[in-house]
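Trainee: This is upload07.txt, which holds compact mmCIF, N, CA and C atoms:
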```
# COMPACT_ATOMS: atom_id res chain seq x y z
N MET R 1 16.54 -22.24 -23.34
CA MET R 1 15.88 -20.96 -23.21
C MET R 1 14.80 -20.85 -24.27
N THR R 2 13.62 -20.45 -23.86
CA THR R 2 12.51 -20.38 -24.80
C THR R 2 12.34 -18.97 -25.33
N ALA R 3 11.80 -18.87 -26.52
CA ALA R 3 11.55 -17.57 -27.15
C ALA R 3 10.30 -16.94 -26.53
N PRO R 4 10.20 -15.62 -26.55
CA PRO R 4 9.00 -14.97 -26.02
C PRO R 4 7.76 -15.38 -26.81
N ALA R 5 6.63 -15.32 -26.15
CA ALA R 5 5.37 -15.75 -26.77
C ALA R 5 4.97 -14.82 -27.91
N THR R 6 5.36 -13.57 -27.83
CA THR R 6 4.99 -12.61 -28.87
C THR R 6 6.20 -12.34 -29.76
N PRO R 7 5.96 -12.05 -31.03
CA PRO R 7 7.09 -11.80 -31.93
C PRO R 7 7.79 -10.49 -31.62
N GLN R 8 9.11 -10.47 -31.82
CA GLN R 8 9.89 -9.25 -31.61
C GLN R 8 9.68 -8.32 -32.80
N THR R 9 9.73 -7.03 -32.55
CA THR R 9 9.58 -6.04 -33.60
C THR R 9 10.65 -4.97 -33.43
N ASP R 10 10.95 -4.25 -34.49
CA ASP R 10 11.94 -3.18 -34.43
C ASP R 10 11.34 -1.87 -33.95
N LYS R 11 10.04 -1.85 -33.74
CA LYS R 11 9.35 -0.63 -33.32
C LYS R 11 9.61 -0.37 -31.82
N TRP R 12 9.88 0.89 -31.50
CA TRP R 12 10.08 1.28 -30.10
C TRP R 12 8.73 1.59 -29.46
N ASN R 13 8.58 1.22 -28.21
CA ASN R 13 7.36 1.55 -27.47
C ASN R 13 7.41 3.02 -27.07
N VAL R 14 6.40 3.76 -27.47
CA VAL R 14 6.36 5.20 -27.21
C VAL R 14 6.28 5.49 -25.72
N TRP R 15 5.52 4.68 -24.99
CA TRP R 15 5.36 4.92 -23.55
C TRP R 15 6.68 4.75 -22.80
N ALA R 16 7.55 3.87 -23.29
CA ALA R 16 8.86 3.70 -22.65
C ALA R 16 9.70 4.96 -22.81
N ILE R 17 9.66 5.56 -23.99
CA ILE R 17 10.40 6.79 -24.23
C ILE R 17 9.82 7.92 -23.39
N VAL R 18 8.50 8.02 -23.35
CA VAL R 18 7.85 9.05 -22.55
C VAL R 18 8.17 8.85 -21.06
N ALA R 19 8.20 7.60 -20.62
CA ALA R 19 8.45 7.30 -19.20
C ALA R 19 9.85 7.73 -18.77
N ILE R 20 10.86 7.42 -19.59
CA ILE R 20 12.23 7.74 -19.20
C ILE R 20 12.45 9.24 -19.17
N ILE R 21 11.76 9.97 -20.02
CA ILE R 21 11.87 11.44 -20.01
C ILE R 21 11.08 12.02 -18.84
N THR R 22 9.87 11.54 -18.64
CA THR R 22 8.97 12.10 -17.64
C THR R 22 9.43 11.85 -16.21
N VAL R 23 10.06 10.70 -15.96
CA VAL R 23 10.43 10.34 -14.59
C VAL R 23 11.41 11.34 -13.99
N TRP R 24 12.16 12.07 -14.82
CA TRP R 24 13.11 13.05 -14.30
C TRP R 24 12.43 14.34 -13.88
N PHE R 25 11.20 14.57 -14.34
CA PHE R 25 10.49 15.80 -14.02
C PHE R 25 9.30 15.56 -13.09
N THR R 26 8.57 14.51 -13.33
CA THR R 26 7.40 14.17 -12.52
C THR R 26 7.46 12.67 -12.23
N VAL R 27 7.90 12.34 -11.04
CA VAL R 27 8.19 10.95 -10.70
C VAL R 27 6.95 10.06 -10.83
N ILE R 28 5.83 10.52 -10.32
CA ILE R 28 4.62 9.69 -10.32
C ILE R 28 4.19 9.37 -11.75
N LEU R 29 4.18 10.37 -12.63
CA LEU R 29 3.80 10.11 -14.02
C LEU R 29 4.81 9.19 -14.70
N GLY R 30 6.09 9.37 -14.41
CA GLY R 30 7.10 8.49 -14.96
C GLY R 30 6.90 7.04 -14.55
N LEU R 31 6.55 6.84 -13.28
CA LEU R 31 6.25 5.49 -12.80
C LEU R 31 5.06 4.89 -13.51
N ILE R 32 4.00 5.66 -13.63
CA ILE R 32 2.78 5.17 -14.29
C ILE R 32 3.09 4.81 -15.74
N PHE R 33 3.75 5.72 -16.45
CA PHE R 33 4.06 5.47 -17.85
C PHE R 33 5.01 4.28 -18.00
N GLY R 34 5.94 4.13 -17.08
CA GLY R 34 6.86 2.99 -17.13
C GLY R 34 6.14 1.67 -16.96
N HIS R 35 5.20 1.62 -16.03
CA HIS R 35 4.44 0.39 -15.84
C HIS R 35 3.55 0.09 -17.04
N ILE R 36 2.96 1.14 -17.62
CA ILE R 36 2.16 0.94 -18.83
C ILE R 36 3.04 0.39 -19.95
N ALA R 37 4.24 0.97 -20.11
CA ALA R 37 5.16 0.51 -21.16
C ALA R 37 5.57 -0.94 -20.95
N LEU R 38 5.90 -1.31 -19.72
CA LEU R 38 6.30 -2.70 -19.46
C LEU R 38 5.18 -3.67 -19.80
N SER R 39 3.95 -3.30 -19.47
CA SER R 39 2.81 -4.15 -19.78
C SER R 39 2.62 -4.30 -21.29
N GLN R 40 2.72 -3.18 -22.02
CA GLN R 40 2.56 -3.24 -23.47
C GLN R 40 3.69 -4.01 -24.13
N ILE R 41 4.91 -3.81 -23.66
CA ILE R 41 6.07 -4.49 -24.24
C ILE R 41 5.96 -6.00 -24.04
N LYS R 42 5.44 -6.41 -22.91
CA LYS R 42 5.26 -7.84 -22.66
C LYS R 42 4.29 -8.45 -23.68
N ASN R 43 3.26 -7.69 -24.06
CA ASN R 43 2.26 -8.19 -25.00
C ASN R 43 2.67 -8.06 -26.46
N THR R 44 3.38 -6.98 -26.80
CA THR R 44 3.67 -6.71 -28.20
C THR R 44 5.08 -7.10 -28.63
N GLY R 45 6.01 -7.20 -27.70
CA GLY R 45 7.39 -7.52 -28.04
C GLY R 45 8.16 -6.35 -28.61
N GLU R 46 7.67 -5.14 -28.40
CA GLU R 46 8.34 -3.95 -28.90
C GLU R 46 9.65 -3.73 -28.15
N ARG R 47 10.48 -2.86 -28.70
CA ARG R 47 11.73 -2.48 -28.05
C ARG R 47 11.43 -1.43 -26.97
N GLY R 48 12.35 -1.28 -26.01
CA GLY R 48 12.21 -0.25 -25.00
C GLY R 48 12.02 -0.78 -23.60
N ARG R 49 12.17 -2.09 -23.41
CA ARG R 49 11.99 -2.66 -22.07
C ARG R 49 12.99 -2.06 -21.09
N GLY R 50 14.24 -1.88 -21.53
CA GLY R 50 15.27 -1.31 -20.66
C GLY R 50 14.94 0.12 -20.25
N LEU R 51 14.42 0.91 -21.20
CA LEU R 51 14.03 2.28 -20.87
C LEU R 51 12.90 2.29 -19.84
N ALA R 52 11.89 1.46 -20.08
CA ALA R 52 10.75 1.41 -19.16
C ALA R 52 11.18 0.93 -17.78
N LEU R 53 12.02 -0.10 -17.75
CA LEU R 53 12.49 -0.63 -16.47
C LEU R 53 13.33 0.39 -15.73
N THR R 54 14.17 1.12 -16.45
CA THR R 54 14.97 2.18 -15.83
C THR R 54 14.07 3.26 -15.24
N ALA R 55 13.03 3.65 -15.97
CA ALA R 55 12.11 4.67 -15.48
C ALA R 55 11.41 4.20 -14.20
N VAL R 56 11.02 2.94 -14.17
CA VAL R 56 10.35 2.40 -12.98
C VAL R 56 11.32 2.35 -11.79
N ILE R 57 12.54 1.90 -12.03
CA ILE R 57 13.52 1.81 -10.93
C ILE R 57 13.87 3.20 -10.41
N VAL R 58 14.16 4.14 -11.31
CA VAL R 58 14.48 5.51 -10.89
C VAL R 58 13.29 6.12 -10.15
N GLY R 59 12.09 5.87 -10.64
CA GLY R 59 10.89 6.41 -9.99
C GLY R 59 10.72 5.90 -8.57
N TRP R 60 10.87 4.57 -8.38
CA TRP R 60 10.71 4.03 -7.04
C TRP R 60 11.85 4.46 -6.11
N LEU R 61 13.06 4.59 -6.65
CA LEU R 61 14.16 5.10 -5.82
C LEU R 61 13.89 6.54 -5.38
N ALA R 62 13.31 7.35 -6.26
CA ALA R 62 12.97 8.72 -5.91
C ALA R 62 11.86 8.77 -4.86
N VAL R 63 10.90 7.87 -4.95
CA VAL R 63 9.83 7.81 -3.95
C VAL R 63 10.41 7.44 -2.58
N VAL R 64 11.29 6.45 -2.55
CA VAL R 64 11.92 6.04 -1.29
C VAL R 64 12.78 7.17 -0.73
N ALA R 65 13.55 7.82 -1.58
CA ALA R 65 14.39 8.93 -1.12
C ALA R 65 13.53 10.07 -0.57
N GLY R 66 12.43 10.36 -1.22
CA GLY R 66 11.53 11.40 -0.74
C GLY R 66 10.91 11.05 0.61
N ALA R 67 10.52 9.79 0.76
CA ALA R 67 9.94 9.34 2.03
C ALA R 67 10.97 9.41 3.16
N LEU R 68 12.20 8.98 2.87
CA LEU R 68 13.25 9.04 3.89
C LEU R 68 13.59 10.49 4.26
N THR R 69 13.61 11.36 3.27
CA THR R 69 13.87 12.77 3.54
C THR R 69 12.77 13.38 4.39
N ALA R 70 11.53 13.06 4.08
CA ALA R 70 10.40 13.58 4.87
C ALA R 70 10.48 13.07 6.31
N MET R 71 10.80 11.79 6.49
CA MET R 71 10.92 11.24 7.84
C MET R 71 12.06 11.91 8.59
N PHE R 72 13.18 12.12 7.92
CA PHE R 72 14.33 12.78 8.53
C PHE R 72 13.96 14.19 9.00
N ILE R 73 13.29 14.94 8.14
CA ILE R 73 12.89 16.31 8.49
C ILE R 73 11.91 16.31 9.64
N LEU R 74 10.93 15.41 9.61
CA LEU R 74 9.94 15.37 10.68
C LEU R 74 10.55 14.96 12.02
N ILE R 75 11.41 13.94 11.99
CA ILE R 75 12.01 13.47 13.25
C ILE R 75 12.95 14.51 13.83
N PHE R 76 13.90 14.98 13.03
CA PHE R 76 14.88 15.91 13.56
C PHE R 76 14.31 17.31 13.74
N GLY R 77 13.32 17.66 12.96
CA GLY R 77 12.62 18.93 13.19
C GLY R 77 11.84 18.90 14.49
N GLY R 78 11.22 17.77 14.77
CA GLY R 78 10.51 17.63 16.05
C GLY R 78 11.44 17.66 17.24
N ILE R 79 12.61 17.02 17.09
CA ILE R 79 13.60 17.06 18.17
C ILE R 79 14.09 18.47 18.39
N ALA R 80 14.35 19.20 17.31
CA ALA R 80 14.84 20.58 17.44
C ALA R 80 13.80 21.47 18.09
N ILE R 81 12.55 21.30 17.72
CA ILE R 81 11.49 22.14 18.29
C ILE R 81 11.28 21.79 19.76
N SER R 82 11.30 20.51 20.10
CA SER R 82 11.06 20.13 21.50
C SER R 82 12.24 20.52 22.40
N SER R 83 13.45 20.53 21.88
CA SER R 83 14.59 20.89 22.71
C SER R 83 14.77 22.40 22.84
N SER R 84 14.09 23.16 21.97
CA SER R 84 14.22 24.62 22.05
C SER R 84 13.27 25.20 23.11
N GLY R 85 12.38 24.37 23.61
CA GLY R 85 11.47 24.84 24.66
C GLY R 85 10.23 25.54 24.13
N ALA R 86 9.92 25.39 22.91
CA ALA R 86 8.76 26.07 22.32
C ALA R 86 7.48 25.33 22.62
```
Rewrite the coordinates I just gave you, this time as C-alpha cells.
Mentor:
Amino acid sequence: MTAPATPQTDKWNVWAIVAIITVWFTVILGLIFGHIALSQIKNTGERGRGLALTAVIVGWLAVVAGALTAMFILIFGGIAISSSGA
C-alpha cells in the first residue's frame, strides 16, 4: 500500500464541516460544499474526508428520494385526476 502523494496534516478541512452541517438544511449547497471539500482534501491531505463523503452521499440520496417522490406524486396524482372524470 502506498502513502498519499500529499502529506497528512492534523488540520480539519473547513468545507467538510460546512458540508455535513449544510446538507441537512440545503441539499444542493451541501453537495457542492462536499465536492469542494473532497477536492481540497485530495490535494492538501487535511482531515475530514469522511465528513465530506457523508455529506455527498446523504445529498445524493436526498436528491434521488426527492425525484422518486415527485414521480410518485405526478404518476398517482395523474391517475387520480383522470379516474375522477375531471
Trainee: Looking only at the backbone, which of the residues in chain R does DSSP tag as alpha helix (DSSP H), as a VMD selection string?
Mentor: chain R and resid 14 to 22 27 to 44 49 to 83
Trainee: Can you list, as a list in words, every protein, DNA or RNA residue that comes within 7 Å of region 9-12 of chain R when you count all atoms listed in the file, leaving out same-chain residues fewer than 3 positions away?
Mentor: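 Returned residues: Thr6, Trp15, Ala16, Ile17, Thr44, Gly45, Glu46, Arg47 and Gly48 of chain R.
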Trainee: Keeping N, CA and C atoms for every residue in the selection just given, could you write it to a file as an mmCIF file, keeping the file's coordinate frame?
Mentor:
```cif
data_model
loop_
_atom_site.group_PDB
_atom_site.id
_atom_site.type_symbol
_atom_site.label_atom_id
_atom_site.label_comp_id
_atom_site.auth_asym_id
_atom_site.auth_seq_id
_atom_site.Cartn_x
_atom_site.Cartn_y
_atom_site.Cartn_z
ATOM 1 N N THR R 6 5.360 -13.570 -27.830
ATOM 2 C CA THR R 6 4.990 -12.610 -28.870
ATOM 3 C C THR R 6 6.200 -12.340 -29.760
ATOM 4 N N TRP R 15 5.520 4.680 -24.990
ATOM 5 C CA TRP R 15 5.360 4.920 -23.550
ATOM 6 C C TRP R 15 6.680 4.750 -22.800
ATOM 7 N N ALA R 16 7.550 3.870 -23.290
ATOM 8 C CA ALA R 16 8.860 3.700 -22.650
ATOM 9 C C ALA R 16 9.700 4.960 -22.810
ATOM 10 N N ILE R 17 9.660 5.560 -23.990
ATOM 11 C CA ILE R 17 10.400 6.790 -24.230
ATOM 12 C C ILE R 17 9.820 7.920 -23.390
ATOM 13 N N THR R 44 3.380 -6.980 -26.800
ATOM 14 C CA THR R 44 3.670 -6.710 -28.200
ATOM 15 C C THR R 44 5.080 -7.100 -28.630
ATOM 16 N N GLY R 45 6.010 -7.200 -27.700
ATOM 17 C CA GLY R 45 7.390 -7.520 -28.040
ATOM 18 C C GLY R 45 8.160 -6.350 -28.610
ATOM 19 N N GLU R 46 7.670 -5.140 -28.400
ATOM 20 C CA GLU R 46 8.340 -3.950 -28.900
ATOM 21 C C GLU R 46 9.650 -3.730 -28.150
ATOM 22 N N ARG R 47 10.480 -2.860 -28.700
ATOM 23 C CA ARG R 47 11.730 -2.480 -28.050
ATOM 24 C C ARG R 47 11.430 -1.430 -26.970
ATOM 25 N N GLY R 48 12.350 -1.280 -26.010
ATOM 26 C CA GLY R 48 12.210 -0.250 -25.000
ATOM 27 C C GLY R 48 12.020 -0.780 -23.600
#
```
Trainee: CA of Leu68 (chain R) and atom N of Gly34 (chain R), how far apart in Å?
Mentor: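 Interatomic distance here is 22.7 Å.
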Trainee: Between CA of Val56 (chain R) and CA of Ala70 (chain R), what is the distance in Å, rounded to a tenth?
Mentor: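 Here the two named atoms are 21.1 Å from each other.
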Trainee: Hey, what's within 10 Å of Trp60 (chain R) if we count only C-alpha atoms and toss same-chain stuff fewer than 3 positions away? As a VMD selection string, please?
Mentor: chain R and resid 23 27 to 28 30 to 31 54 to 57 63 to 66
Trainee: Between CA of Met71 (chain R) and atom N of Val58 (chain R), measure the distance and give it in Å to one decimal.
Mentor: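 A separation of 20.7 Å between them.
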